[in-house]
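Q: As input, take model20.cif (mmCIF, C-alpha atoms):
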data_coords
#
loop_
_atom_site.group_PDB
_atom_site.id
_atom_site.type_symbol
_atom_site.label_atom_id
_atom_site.label_comp_id
_atom_site.auth_asym_id
_atom_site.auth_seq_id
_atom_site.Cartn_x
_atom_site.Cartn_y
_atom_site.Cartn_z
ATOM 1 C CA MET W 719 110.264 120.165 94.051
ATOM 2 C CA SER W 720 107.692 122.855 93.350
ATOM 3 C CA ASP W 721 107.636 126.292 94.935
ATOM 4 C CA ASP W 722 105.135 125.158 97.546
ATOM 5 C CA GLY W 723 107.448 122.352 98.749
ATOM 6 C CA VAL W 724 105.149 119.613 97.488
ATOM 7 C CA GLN W 725 106.713 116.629 95.739
ATOM 8 C CA TYR W 726 105.276 115.698 92.339
ATOM 9 C CA PHE W 727 105.917 112.742 90.008
ATOM 10 C CA GLU W 728 108.877 114.552 88.440
ATOM 11 C CA ASP W 729 110.526 114.877 91.880
ATOM 12 C CA ILE W 730 110.392 111.156 92.703
ATOM 13 C CA ALA W 731 113.914 109.701 92.321
ATOM 14 C CA VAL W 732 114.290 105.971 91.753
ATOM 15 C CA GLY W 733 116.682 104.642 94.378
ATOM 16 C CA ALA W 734 115.890 107.415 96.860
ATOM 17 C CA THR W 735 115.715 106.165 100.442
ATOM 18 C CA ALA W 736 114.105 107.570 103.557
ATOM 19 C CA SER W 737 114.091 106.687 107.226
ATOM 20 C CA PHE W 738 111.205 107.877 109.374
ATOM 21 C CA GLY W 739 108.682 107.156 112.072
ATOM 22 C CA ARG W 740 108.601 106.035 115.666
ATOM 23 C CA TYR W 741 105.724 104.025 117.094
ATOM 24 C CA GLU W 742 105.656 102.608 120.598
ATOM 25 C CA VAL W 743 103.578 99.435 120.686
ATOM 26 C CA THR W 744 101.523 99.161 123.861
ATOM 27 C CA ARG W 745 99.799 96.121 125.325
ATOM 28 C CA ASP W 746 96.480 97.940 125.617
ATOM 29 C CA GLU W 747 96.536 98.915 121.964
ATOM 30 C CA VAL W 748 97.517 95.403 120.840
ATOM 31 C CA THR W 749 94.634 93.764 122.708
ATOM 32 C CA GLU W 750 92.158 96.504 121.783
ATOM 33 C CA PHE W 751 92.880 96.125 118.056
ATOM 34 C CA ALA W 752 92.830 92.324 118.299
ATOM 35 C CA ALA W 753 89.566 92.203 120.243
ATOM 36 C CA LYS W 754 87.896 94.179 117.483
ATOM 37 C CA TYR W 755 89.548 92.888 114.313
ATOM 38 C CA ASP W 756 91.683 89.807 114.939
ATOM 39 C CA PRO W 757 90.456 87.995 118.059
ATOM 40 C CA GLN W 758 92.737 84.994 117.807
ATOM 41 C CA PRO W 759 93.895 83.847 121.274
ATOM 42 C CA PHE W 760 97.628 84.604 120.692
ATOM 43 C CA HIS W 761 96.744 88.261 120.001
ATOM 44 C CA LEU W 762 94.639 88.521 123.166
ATOM 45 C CA SER W 763 96.648 87.043 126.050
ATOM 46 C CA ASP W 764 100.135 85.924 127.032
ATOM 47 C CA GLU W 765 98.738 82.662 128.359
ATOM 48 C CA ALA W 766 97.222 81.642 125.026
ATOM 49 C CA ALA W 767 100.267 82.897 123.118
ATOM 50 C CA ALA W 768 102.640 80.821 125.268
ATOM 51 C CA ALA W 769 101.227 77.697 123.624
ATOM 52 C CA THR W 770 102.137 78.958 120.130
ATOM 53 C CA HIS W 771 105.334 79.790 118.255
ATOM 54 C CA PHE W 772 104.777 83.452 119.161
ATOM 55 C CA GLY W 773 105.691 82.640 122.773
ATOM 56 C CA ARG W 774 103.916 85.684 124.154
ATOM 57 C CA LEU W 775 101.281 88.216 123.224
ATOM 58 C CA SER W 776 101.962 89.663 119.766
ATOM 59 C CA ALA W 777 100.243 92.234 117.580
ATOM 60 C CA SER W 778 97.933 91.292 114.735
ATOM 61 C CA GLY W 779 99.755 91.610 111.429
ATOM 62 C CA TRP W 780 97.006 93.963 110.292
ATOM 63 C CA HIS W 781 97.631 96.065 113.371
ATOM 64 C CA THR W 782 101.276 96.349 112.325
ATOM 65 C CA CYS W 783 100.048 97.548 108.909
ATOM 66 C CA ALA W 784 97.826 100.130 110.623
ATOM 67 C CA MET W 785 100.649 101.383 112.860
ATOM 68 C CA THR W 786 102.876 101.626 109.773
ATOM 69 C CA MET W 787 100.235 103.699 107.985
ATOM 70 C CA ALA W 788 100.175 106.048 110.986
ATOM 71 C CA MET W 789 103.934 106.544 110.594
ATOM 72 C CA LEU W 790 103.565 107.112 106.841
ATOM 73 C CA VAL W 791 100.837 109.723 107.229
ATOM 74 C CA GLU W 792 102.830 111.512 109.934
ATOM 75 C CA ASN W 793 105.861 111.551 107.631
ATOM 76 C CA LEU W 794 103.801 113.010 104.770
ATOM 77 C CA LYS W 795 102.984 116.040 106.920
ATOM 78 C CA ALA W 796 106.633 117.077 106.772
ATOM 79 C CA HIS W 797 107.301 115.727 103.255
ATOM 80 C CA ARG W 798 104.189 116.561 101.310
ATOM 81 C CA GLN W 799 103.391 114.780 98.051
ATOM 82 C CA ALA W 800 100.790 115.410 95.375
ATOM 83 C CA GLY W 801 99.562 111.899 96.118
ATOM 84 C CA LEU W 802 96.449 110.410 94.577
ATOM 85 C CA GLY W 803 96.120 107.375 96.820
ATOM 86 C CA SER W 804 97.308 103.815 96.448
ATOM 87 C CA PRO W 805 95.803 101.091 94.270
ATOM 88 C CA GLY W 806 97.342 98.469 96.526
ATOM 89 C CA ILE W 807 100.228 96.568 97.995
ATOM 90 C CA ASP W 808 102.386 93.661 96.813
ATOM 91 C CA GLN W 809 104.524 91.155 98.680
ATOM 92 C CA LEU W 810 103.329 92.067 102.156
ATOM 93 C CA ARG W 811 105.320 89.857 104.531
ATOM 94 C CA TRP W 812 105.060 89.542 108.294
ATOM 95 C CA LEU W 813 108.655 88.521 109.022
ATOM 96 C CA LYS W 814 108.792 88.531 112.819
ATOM 97 C CA PRO W 815 106.299 88.976 115.642
ATOM 98 C CA VAL W 816 105.654 92.488 116.956
ATOM 99 C CA TYR W 817 105.368 92.561 120.752
ATOM 100 C CA PRO W 818 104.050 95.099 123.260
ATOM 101 C CA GLY W 819 107.006 97.218 124.320
ATOM 102 C CA ASP W 820 108.523 97.236 120.820
ATOM 103 C CA THR W 821 109.272 100.538 119.138
ATOM 104 C CA LEU W 822 108.798 100.500 115.372
ATOM 105 C CA ARG W 823 110.352 102.637 112.637
ATOM 106 C CA CYS W 824 110.316 102.631 108.829
ATOM 107 C CA GLU W 825 112.757 102.648 105.944
ATOM 108 C CA SER W 826 111.646 103.131 102.355
ATOM 109 C CA GLU W 827 113.262 102.948 98.933
ATOM 110 C CA VAL W 828 111.788 103.982 95.587
ATOM 111 C CA LEU W 829 112.032 100.966 93.255
ATOM 112 C CA GLU W 830 110.596 102.306 90.004
ATOM 113 C CA LYS W 831 108.309 104.924 88.530
ATOM 114 C CA ARG W 832 106.427 105.490 85.289
ATOM 115 C CA ARG W 833 104.029 108.023 83.868
ATOM 116 C CA SER W 834 100.505 106.768 83.213
ATOM 117 C CA GLU W 835 99.957 106.235 79.502
ATOM 118 C CA SER W 836 96.212 106.748 79.675
ATOM 119 C CA ARG W 837 96.347 109.644 82.153
ATOM 120 C CA PRO W 838 99.373 111.925 81.577
ATOM 121 C CA GLU W 839 98.446 114.040 84.608
ATOM 122 C CA MET W 840 99.359 111.083 86.801
ATOM 123 C CA GLY W 841 102.301 108.800 87.511
ATOM 124 C CA ILE W 842 102.797 105.556 89.407
ATOM 125 C CA PHE W 843 105.722 104.647 91.634
ATOM 126 C CA LYS W 844 106.656 101.544 93.597
ATOM 127 C CA SER W 845 108.439 101.700 96.954
ATOM 128 C CA ARG W 846 109.753 98.995 99.207
ATOM 129 C CA LEU W 847 108.798 99.748 102.786
ATOM 130 C CA THR W 848 110.452 97.880 105.651
ATOM 131 C CA VAL W 849 109.456 98.168 109.300
ATOM 132 C CA PHE W 850 112.096 97.537 111.958
ATOM 133 C CA ASN W 851 111.868 97.089 115.713
ATOM 134 C CA GLN W 852 114.165 98.641 118.325
ATOM 135 C CA ASP W 853 116.731 95.859 117.755
ATOM 136 C CA ASP W 854 116.916 96.751 114.037
ATOM 137 C CA VAL W 855 115.187 93.482 113.176
ATOM 138 C CA ALA W 856 112.914 93.746 110.128
ATOM 139 C CA VAL W 857 109.419 92.734 111.281
ATOM 140 C CA MET W 858 107.430 93.557 108.135
ATOM 141 C CA THR W 859 108.072 94.444 104.520
ATOM 142 C CA MET W 860 105.861 95.378 101.572
ATOM 143 C CA VAL W 861 105.971 96.931 98.130
ATOM 144 C CA SER W 862 103.532 99.811 97.956
ATOM 145 C CA ASN W 863 102.124 101.305 94.780
ATOM 146 C CA GLY W 864 101.531 105.029 94.847
ATOM 147 C CA LEU W 865 99.716 107.321 92.434
ATOM 148 C CA ILE W 866 100.998 110.868 92.208
ATOM 149 C CA ARG W 867 100.161 113.954 90.182
ATOM 150 C CA THR W 868 102.566 115.162 87.493
ATOM 151 C CA ARG W 869 103.563 118.811 87.514
ATOM 152 C CA ASP W 870 103.771 118.797 83.762
ATOM 153 C CA ALA W 871 101.011 116.766 82.103
ATOM 154 C CA GLY W 872 102.521 117.343 78.648
ATOM 155 C CA MET B 1213 88.299 66.257 107.624
ATOM 156 C CA SER B 1214 89.496 64.772 110.897
ATOM 157 C CA ASP B 1215 87.247 63.330 113.591
ATOM 158 C CA ASP B 1216 87.351 66.586 115.527
ATOM 159 C CA GLY B 1217 86.011 68.571 112.549
ATOM 160 C CA VAL B 1218 89.252 70.480 112.116
ATOM 161 C CA GLN B 1219 90.526 70.984 108.577
ATOM 162 C CA TYR B 1220 94.164 69.987 107.920
ATOM 163 C CA PHE B 1221 96.411 70.420 104.877
ATOM 164 C CA GLU B 1222 95.090 67.174 103.385
ATOM 165 C CA ASP B 1223 91.529 68.515 103.529
ATOM 166 C CA ILE B 1224 92.266 71.711 101.572
ATOM 167 C CA ALA B 1225 90.857 71.320 98.049
ATOM 168 C CA VAL B 1226 92.268 73.463 95.256
ATOM 169 C CA GLY B 1227 89.371 75.248 93.580
ATOM 170 C CA ALA B 1228 87.169 75.113 96.673
ATOM 171 C CA THR B 1229 85.137 78.272 97.182
ATOM 172 C CA ALA B 1230 83.460 79.773 100.203
ATOM 173 C CA SER B 1231 81.150 82.699 100.843
ATOM 174 C CA PHE B 1232 80.996 84.145 104.322
ATOM 175 C CA GLY B 1233 80.884 87.210 106.530
ATOM 176 C CA ARG B 1234 78.740 90.246 107.049
ATOM 177 C CA TYR B 1235 80.190 93.517 108.317
ATOM 178 C CA GLU B 1236 78.216 96.737 108.620
ATOM 179 C CA VAL B 1237 80.494 99.715 108.140
ATOM 180 C CA THR B 1238 79.588 102.586 110.468
ATOM 181 C CA ARG B 1239 80.637 106.234 110.266
ATOM 182 C CA ASP B 1240 81.866 106.236 113.860
ATOM 183 C CA GLU B 1241 84.108 103.254 113.238
ATOM 184 C CA VAL B 1242 85.483 104.688 109.985
ATOM 185 C CA THR B 1243 86.476 107.983 111.611
ATOM 186 C CA GLU B 1244 87.750 106.308 114.800
ATOM 187 C CA PHE B 1245 90.084 104.009 112.843
ATOM 188 C CA ALA B 1246 91.208 106.862 110.578
ATOM 189 C CA ALA B 1247 91.894 109.254 113.447
ATOM 190 C CA LYS B 1248 94.214 106.697 114.981
ATOM 191 C CA TYR B 1249 95.886 105.078 111.966
ATOM 192 C CA ASP B 1250 95.156 106.935 108.736
ATOM 193 C CA PRO B 1251 94.300 110.569 109.492
ATOM 194 C CA GLN B 1252 94.068 111.755 105.907
ATOM 195 C CA PRO B 1253 91.276 114.324 105.475
ATOM 196 C CA PHE B 1254 89.138 112.171 103.120
ATOM 197 C CA HIS B 1255 88.944 109.467 105.813
ATOM 198 C CA LEU B 1256 87.903 111.965 108.488
ATOM 199 C CA SER B 1257 85.100 114.132 107.078
ATOM 200 C CA ASP B 1258 82.624 114.364 104.210
ATOM 201 C CA GLU B 1259 83.636 117.970 103.599
ATOM 202 C CA ALA B 1260 87.296 117.116 102.954
ATOM 203 C CA ALA B 1261 86.349 114.017 100.954
ATOM 204 C CA ALA B 1262 84.050 116.034 98.682
ATOM 205 C CA ALA B 1263 87.133 117.683 97.190
ATOM 206 C CA THR B 1264 88.645 114.309 96.206
ATOM 207 C CA HIS B 1265 87.738 111.471 93.850
ATOM 208 C CA PHE B 1266 86.197 109.627 96.823
ATOM 209 C CA GLY B 1267 83.344 112.153 96.816
ATOM 210 C CA ARG B 1268 82.434 111.466 100.440
ATOM 211 C CA LEU B 1269 83.875 109.975 103.604
ATOM 212 C CA SER B 1270 85.426 106.577 102.899
ATOM 213 C CA ALA B 1271 87.182 103.976 105.024
ATOM 214 C CA SER B 1272 90.955 103.648 105.155
ATOM 215 C CA GLY B 1273 92.086 100.754 102.982
ATOM 216 C CA TRP B 1274 93.796 99.303 106.051
ATOM 217 C CA HIS B 1275 90.501 99.533 107.907
ATOM 218 C CA THR B 1276 88.903 97.464 105.151
ATOM 219 C CA CYS B 1277 91.685 94.895 105.678
ATOM 220 C CA ALA B 1278 90.978 94.886 109.408
ATOM 221 C CA MET B 1279 87.216 94.446 108.915
ATOM 222 C CA THR B 1280 87.949 91.610 106.484
ATOM 223 C CA MET B 1281 90.165 89.919 109.066
ATOM 224 C CA ALA B 1282 87.292 90.156 111.548
ATOM 225 C CA MET B 1283 85.067 88.288 109.058
ATOM 226 C CA LEU B 1284 87.784 85.669 108.461
ATOM 227 C CA VAL B 1285 88.311 84.992 112.164
ATOM 228 C CA GLU B 1286 84.556 84.740 112.736
ATOM 229 C CA ASN B 1287 84.300 82.258 109.858
ATOM 230 C CA LEU B 1288 87.121 80.135 111.304
ATOM 231 C CA LYS B 1289 85.078 79.602 114.469
ATOM 232 C CA ALA B 1290 82.579 77.572 112.469
ATOM 233 C CA HIS B 1291 85.116 76.103 110.019
ATOM 234 C CA ARG B 1292 88.140 75.336 112.128
ATOM 235 C CA GLN B 1293 91.546 74.847 110.537
ATOM 236 C CA ALA B 1294 94.847 73.610 111.922
ATOM 237 C CA GLY B 1295 96.247 76.966 110.854
ATOM 238 C CA LEU B 1296 99.771 78.099 111.632
ATOM 239 C CA GLY B 1297 99.410 81.738 110.711
ATOM 240 C CA SER B 1298 100.142 83.625 107.518
ATOM 241 C CA PRO B 1299 103.533 84.686 106.185
ATOM 242 C CA GLY B 1300 101.872 87.417 104.182
ATOM 243 C CA ILE B 1301 99.669 88.716 101.406
ATOM 244 C CA ASP B 1302 100.154 89.297 97.678
ATOM 245 C CA GLN B 1303 98.361 91.512 95.195
ATOM 246 C CA LEU B 1304 96.310 93.440 97.729
ATOM 247 C CA ARG B 1305 94.138 95.823 95.696
ATOM 248 C CA TRP B 1306 91.716 98.463 96.916
ATOM 249 C CA LEU B 1307 89.331 98.440 93.965
ATOM 250 C CA LYS B 1308 86.545 100.762 95.084
ATOM 251 C CA PRO B 1309 85.918 103.039 98.059
ATOM 252 C CA VAL B 1310 84.196 101.595 101.130
ATOM 253 C CA TYR B 1311 81.646 103.999 102.599
ATOM 254 C CA PRO B 1312 79.828 104.236 105.937
ATOM 255 C CA GLY B 1313 76.537 102.400 105.489
ATOM 256 C CA ASP B 1314 78.099 99.709 103.307
ATOM 257 C CA THR B 1315 77.711 96.060 104.277
ATOM 258 C CA LEU B 1316 80.693 93.913 103.375
ATOM 259 C CA ARG B 1317 80.961 90.173 102.709
ATOM 260 C CA CYS B 1318 83.705 87.812 101.510
ATOM 261 C CA GLU B 1319 84.237 85.191 98.849
ATOM 262 C CA SER B 1320 87.308 82.973 98.777
ATOM 263 C CA GLU B 1321 88.814 80.434 96.416
ATOM 264 C CA VAL B 1322 91.759 78.106 97.033
ATOM 265 C CA LEU B 1323 94.271 78.698 94.217
ATOM 266 C CA GLU B 1324 97.032 76.202 95.020
ATOM 267 C CA LYS B 1325 98.608 74.205 97.816
ATOM 268 C CA ARG B 1326 101.876 72.419 98.474
ATOM 269 C CA ARG B 1327 103.510 70.554 101.298
ATOM 270 C CA SER B 1328 106.563 72.218 102.820
ATOM 271 C CA GLU B 1329 109.744 70.452 101.655
ATOM 272 C CA SER B 1330 111.734 71.463 104.710
ATOM 273 C CA ARG B 1331 108.937 70.898 107.224
ATOM 274 C CA PRO B 1332 106.707 67.941 106.297
ATOM 275 C CA GLU B 1333 104.420 68.635 109.256
ATOM 276 C CA MET B 1334 103.287 71.777 107.486
ATOM 277 C CA GLY B 1335 101.732 72.866 104.197
ATOM 278 C CA ILE B 1336 101.156 76.170 102.438
ATOM 279 C CA PHE B 1337 98.081 77.218 100.488
ATOM 280 C CA LYS B 1338 97.155 80.322 98.523
ATOM 281 C CA SER B 1339 93.624 81.702 98.435
ATOM 282 C CA ARG B 1340 92.110 84.578 96.542
ATOM 283 C CA LEU B 1341 89.887 86.591 98.836
ATOM 284 C CA THR B 1342 87.470 89.140 97.421
ATOM 285 C CA VAL B 1343 85.398 91.541 99.495
ATOM 286 C CA PHE B 1344 82.082 92.758 98.083
ATOM 287 C CA ASN B 1345 79.708 95.490 99.171
ATOM 288 C CA GLN B 1346 75.883 95.261 99.343
ATOM 289 C CA ASP B 1347 75.664 95.999 95.602
ATOM 290 C CA ASP B 1348 77.892 93.001 94.830
ATOM 291 C CA VAL B 1349 80.673 95.335 93.735
ATOM 292 C CA ALA B 1350 84.158 94.013 94.546
ATOM 293 C CA VAL B 1351 85.828 96.614 96.761
ATOM 294 C CA MET B 1352 89.029 94.742 97.669
ATOM 295 C CA THR B 1353 90.898 91.648 96.602
ATOM 296 C CA MET B 1354 94.038 89.901 97.808
ATOM 297 C CA VAL B 1355 95.910 86.609 97.577
ATOM 298 C CA SER B 1356 96.575 85.297 101.065
ATOM 299 C CA ASN B 1357 99.199 82.727 101.976
ATOM 300 C CA GLY B 1358 98.240 80.353 104.752
ATOM 301 C CA LEU B 1359 100.313 77.839 106.699
ATOM 302 C CA ILE B 1360 98.488 74.752 107.928
ATOM 303 C CA ARG B 1361 99.421 71.596 109.794
ATOM 304 C CA THR B 1362 99.439 68.268 107.966
ATOM 305 C CA ARG B 1363 97.583 65.347 109.535
ATOM 306 C CA ASP B 1364 100.126 62.955 108.157
ATOM 307 C CA ALA B 1365 103.694 64.283 108.306
ATOM 308 C CA GLY B 1366 105.028 61.224 106.446
#
So, in terms of structure tokens, how does the structure I just supplied come out?
A:
Amino acid sequence: MSDDGVQYFEDIAVGATASFGRYEVTRDEVTEFAAKYDPQPFHLSDEAAAATHFGRLSASGWHTCAMTMAMLVENLKAHRQAGLGSPGIDQLRWLKPVYPGDTLRCESEVLEKRRSESRPEMGIFKSRLTVFNQDDVAVMTMVSNGLIRTRDAG
Amino acid sequence: MSDDGVQYFEDIAVGATASFGRYEVTRDEVTEFAAKYDPQPFHLSDEAAAATHFGRLSASGWHTCAMTMAMLVENLKAHRQAGLGSPGIDQLRWLKPVYPGDTLRCESEVLEKRRSESRPEMGIFKSRLTVFNQDDVAVMTMVSNGLIRTRDAG
């Protein structure tokens, strides 16, 4: 950790875990997101959802991703990183439906890290991120790739 | 294709390509999404973005996913499938920034398909989806996994 409390590549510990976030999923937000970005009937009304394996109104999987990002960004306010963005995500899986009334939280684990060969001022690390609901059921998981500045580019 | 024009597992052709969608990215929508789900400075103002490699205000990567889903759902109105949802996404990559004023479109290609061994009424197919901007630059790519009903469960 540097003097300013910011985490750099050197501070990332493989195997490190974290638990953070709290997001209350509301019906209004679920239908508002779906109307704009994922207007499939089972994301818009209980009646349409009753005819599907969801059973009742559930959130768009992309909405769950967005809510997860909100938790991540909130967490980074308290645990600042010299982050340089993310090139992408692997193995994104929507494991269980997310319903209005659910409360989501996150757990993360650092899987691996390596310094960039072409750009020594930068490193890459992979984390598994799992989102749970209030019953501690995993509803979504992904492996995120993060770029982060090195403190020592040498 | 069945009599009702709906595409089932049997109708999915490996190698088939499609081009669809048109989404105009507006500044208001970029900042509205970011304020709610990804409030990092470079997604909120040009001034903050100028200090980063983005150069100017760019859309959250998750917003690009959401806009892409909107194009997919719109396309499925005209090309209906007996879809059963998606278990998830692989190799999601944000290749280039998406800026207000950009117009996005999609290209897809079916990579593989297989019938479910445990559930013969269902099949799984993988598609590569690439999102381009108005300059035909690929800004995002992913491999999506789709579940689809079989016409013949035998």
Q: Could you tell me, as an MDAnalysis selection string, exactly which residues end up selected when the PyMOL selection byres ((chain B) within 12 of (chain W)) is applied to this structure?
A: chainID B and resid 1235 1241 1244:1255 1264:1266 1272:1289 1295:1309 1351:1358
Q: For Gln1346 (chain B), list every protein, DNA or RNA residue within 8 Å, evaluated using only C-alpha atoms, and leave out those in the same chain fewer than 2 positions away; present the list as a PyMOL selection string.
A: chain B and resi 1314-1317+1344+1348-1349
Q: CA of Ile1360 (chain B) to CA of Thr1229 (chain B): how many Å, to one decimal?
A: 17.5 Å
Q: Grab the CA of Leu1269 (chain B) to CA of Phe727 (chain W) distance for me, in Å with one decimal place.
A: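 Separation between CA of Leu1269 (chain B) and CA of Phe727 (chain W): 26.0 Å.
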Q: Any idea what the distance is between CA of Arg1292 (chain B) and CA of Gly1335 (chain B)?
A: 15.9 Å
Q: Could you write out chain B as a short mmCIF file (atom, residue, chain, number, x, y, z; two decimals) with C-alpha atoms, in the frame of the given file once it has been least-squares superposed on chain W using every ordered C-alpha pair?
A:
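Result written to result09.cif:
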data_model
loop_
_atom_site.label_atom_id
_atom_site.label_comp_id
_atom_site.auth_asym_id
_atom_site.auth_seq_id
_atom_site.Cartn_x
_atom_site.Cartn_y
_atom_site.Cartn_z
CA MET B 1213 110.35 120.11 94.08
CA SER B 1214 107.78 122.80 93.35
CA ASP B 1215 107.73 126.25 94.93
CA ASP B 1216 105.19 125.13 97.51
CA GLY B 1217 107.47 122.32 98.74
CA VAL B 1218 105.14 119.61 97.48
CA GLN B 1219 106.71 116.62 95.75
CA TYR B 1220 105.27 115.69 92.33
CA PHE B 1221 105.90 112.74 90.02
CA GLU B 1222 108.87 114.54 88.45
CA ASP B 1223 110.51 114.88 91.87
CA ILE B 1224 110.38 111.16 92.70
CA ALA B 1225 113.89 109.71 92.33
CA VAL B 1226 114.29 105.98 91.76
CA GLY B 1227 116.67 104.65 94.39
CA ALA B 1228 115.87 107.41 96.87
CA THR B 1229 115.70 106.19 100.45
CA ALA B 1230 114.08 107.57 103.56
CA SER B 1231 114.07 106.68 107.24
CA PHE B 1232 111.20 107.88 109.37
CA GLY B 1233 108.67 107.13 112.08
CA ARG B 1234 108.61 106.04 115.66
CA TYR B 1235 105.72 104.03 117.08
CA GLU B 1236 105.64 102.61 120.59
CA VAL B 1237 103.58 99.44 120.68
CA THR B 1238 101.51 99.17 123.86
CA ARG B 1239 99.79 96.12 125.33
CA ASP B 1240 96.47 97.95 125.61
CA GLU B 1241 96.53 98.91 121.96
CA VAL B 1242 97.52 95.41 120.82
CA THR B 1243 94.64 93.76 122.70
CA GLU B 1244 92.15 96.50 121.78
CA PHE B 1245 92.87 96.12 118.05
CA ALA B 1246 92.83 92.32 118.30
CA ALA B 1247 89.57 92.19 120.23
CA LYS B 1248 87.90 94.17 117.48
CA TYR B 1249 89.56 92.87 114.30
CA ASP B 1250 91.69 89.79 114.94
CA PRO B 1251 90.46 87.99 118.06
CA GLN B 1252 92.75 84.99 117.81
CA PRO B 1253 93.92 83.85 121.26
CA PHE B 1254 97.64 84.62 120.68
CA HIS B 1255 96.75 88.27 120.00
CA LEU B 1256 94.65 88.52 123.16
CA SER B 1257 96.66 87.06 126.05
CA ASP B 1258 100.15 85.94 127.03
CA GLU B 1259 98.75 82.67 128.37
CA ALA B 1260 97.24 81.64 125.02
CA ALA B 1261 100.28 82.90 123.11
CA ALA B 1262 102.64 80.83 125.28
CA ALA B 1263 101.25 77.70 123.63
CA THR B 1264 102.15 78.96 120.13
CA HIS B 1265 105.34 79.80 118.24
CA PHE B 1266 104.79 83.47 119.15
CA GLY B 1267 105.71 82.65 122.75
CA ARG B 1268 103.92 85.70 124.14
CA LEU B 1269 101.28 88.24 123.21
CA SER B 1270 101.96 89.67 119.76
CA ALA B 1271 100.24 92.25 117.57
CA SER B 1272 97.93 91.29 114.72
CA GLY B 1273 99.75 91.60 111.41
CA TRP B 1274 96.99 93.96 110.28
CA HIS B 1275 97.63 96.06 113.37
CA THR B 1276 101.27 96.34 112.32
CA CYS B 1277 100.04 97.55 108.91
CA ALA B 1278 97.82 100.12 110.61
CA MET B 1279 100.64 101.39 112.85
CA THR B 1280 102.87 101.63 109.78
CA MET B 1281 100.23 103.68 107.98
CA ALA B 1282 100.16 106.03 110.97
CA MET B 1283 103.93 106.54 110.59
CA LEU B 1284 103.56 107.11 106.83
CA VAL B 1285 100.82 109.72 107.22
CA GLU B 1286 102.82 111.51 109.92
CA ASN B 1287 105.86 111.56 107.63
CA LEU B 1288 103.80 113.01 104.76
CA LYS B 1289 102.98 116.05 106.91
CA ALA B 1290 106.63 117.07 106.77
CA HIS B 1291 107.30 115.73 103.26
CA ARG B 1292 104.19 116.57 101.31
CA GLN B 1293 103.39 114.78 98.07
CA ALA B 1294 100.78 115.40 95.39
CA GLY B 1295 99.55 111.90 96.15
CA LEU B 1296 96.44 110.40 94.60
CA GLY B 1297 96.10 107.38 96.83
CA SER B 1298 97.29 103.81 96.45
CA PRO B 1299 95.79 101.09 94.27
CA GLY B 1300 97.33 98.47 96.51
CA ILE B 1301 100.23 96.56 97.99
CA ASP B 1302 102.39 93.67 96.81
CA GLN B 1303 104.52 91.16 98.66
CA LEU B 1304 103.34 92.06 102.14
CA ARG B 1305 105.32 89.85 104.52
CA TRP B 1306 105.06 89.56 108.29
CA LEU B 1307 108.64 88.53 109.02
CA LYS B 1308 108.79 88.53 112.81
CA PRO B 1309 106.29 88.99 115.64
CA VAL B 1310 105.65 92.50 116.95
CA TYR B 1311 105.37 92.58 120.74
CA PRO B 1312 104.04 95.10 123.26
CA GLY B 1313 107.00 97.23 124.31
CA ASP B 1314 108.50 97.24 120.82
CA THR B 1315 109.27 100.55 119.13
CA LEU B 1316 108.79 100.50 115.38
CA ARG B 1317 110.35 102.63 112.64
CA CYS B 1318 110.31 102.63 108.82
CA GLU B 1319 112.75 102.64 105.95
CA SER B 1320 111.65 103.13 102.36
CA GLU B 1321 113.26 102.95 98.94
CA VAL B 1322 111.78 103.98 95.59
CA LEU B 1323 112.04 100.97 93.26
CA GLU B 1324 110.60 102.30 90.00
CA LYS B 1325 108.30 104.92 88.53
CA ARG B 1326 106.42 105.50 85.31
CA ARG B 1327 104.03 108.02 83.89
CA SER B 1328 100.50 106.77 83.25
CA GLU B 1329 99.96 106.22 79.51
CA SER B 1330 96.22 106.75 79.71
CA ARG B 1331 96.34 109.65 82.16
CA PRO B 1332 99.37 111.91 81.60
CA GLU B 1333 98.44 114.04 84.62
CA MET B 1334 99.35 111.09 86.81
CA GLY B 1335 102.28 108.80 87.54
CA ILE B 1336 102.78 105.56 89.44
CA PHE B 1337 105.72 104.64 91.65
CA LYS B 1338 106.65 101.54 93.61
CA SER B 1339 108.43 101.69 96.96
CA ARG B 1340 109.74 98.99 99.22
CA LEU B 1341 108.81 99.75 102.80
CA THR B 1342 110.45 97.88 105.65
CA VAL B 1343 109.45 98.17 109.30
CA PHE B 1344 112.09 97.55 111.96
CA ASN B 1345 111.86 97.10 115.70
CA GLN B 1346 114.18 98.65 118.34
CA ASP B 1347 116.73 95.87 117.75
CA ASP B 1348 116.91 96.76 114.04
CA VAL B 1349 115.19 93.49 113.17
CA ALA B 1350 112.91 93.76 110.12
CA VAL B 1351 109.43 92.74 111.27
CA MET B 1352 107.43 93.56 108.12
CA THR B 1353 108.08 94.45 104.51
CA MET B 1354 105.87 95.38 101.58
CA VAL B 1355 105.98 96.93 98.12
CA SER B 1356 103.53 99.80 97.95
CA ASN B 1357 102.12 101.30 94.77
CA GLY B 1358 101.53 105.03 94.87
CA LEU B 1359 99.71 107.32 92.46
CA ILE B 1360 101.00 110.88 92.22
CA ARG B 1361 100.15 113.96 90.19
CA THR B 1362 102.56 115.16 87.51
CA ARG B 1363 103.56 118.83 87.52
CA ASP B 1364 103.78 118.80 83.77
CA ALA B 1365 101.02 116.76 82.11
CA GLY B 1366 102.55 117.31 78.65
#
Q: Tell me which of B:Val1343, B:Leu1323, B:Val1310, B:Pro1332 sits closest to Gly1267 (chain B), counting all atoms listed in the file.
A: B:Val1310
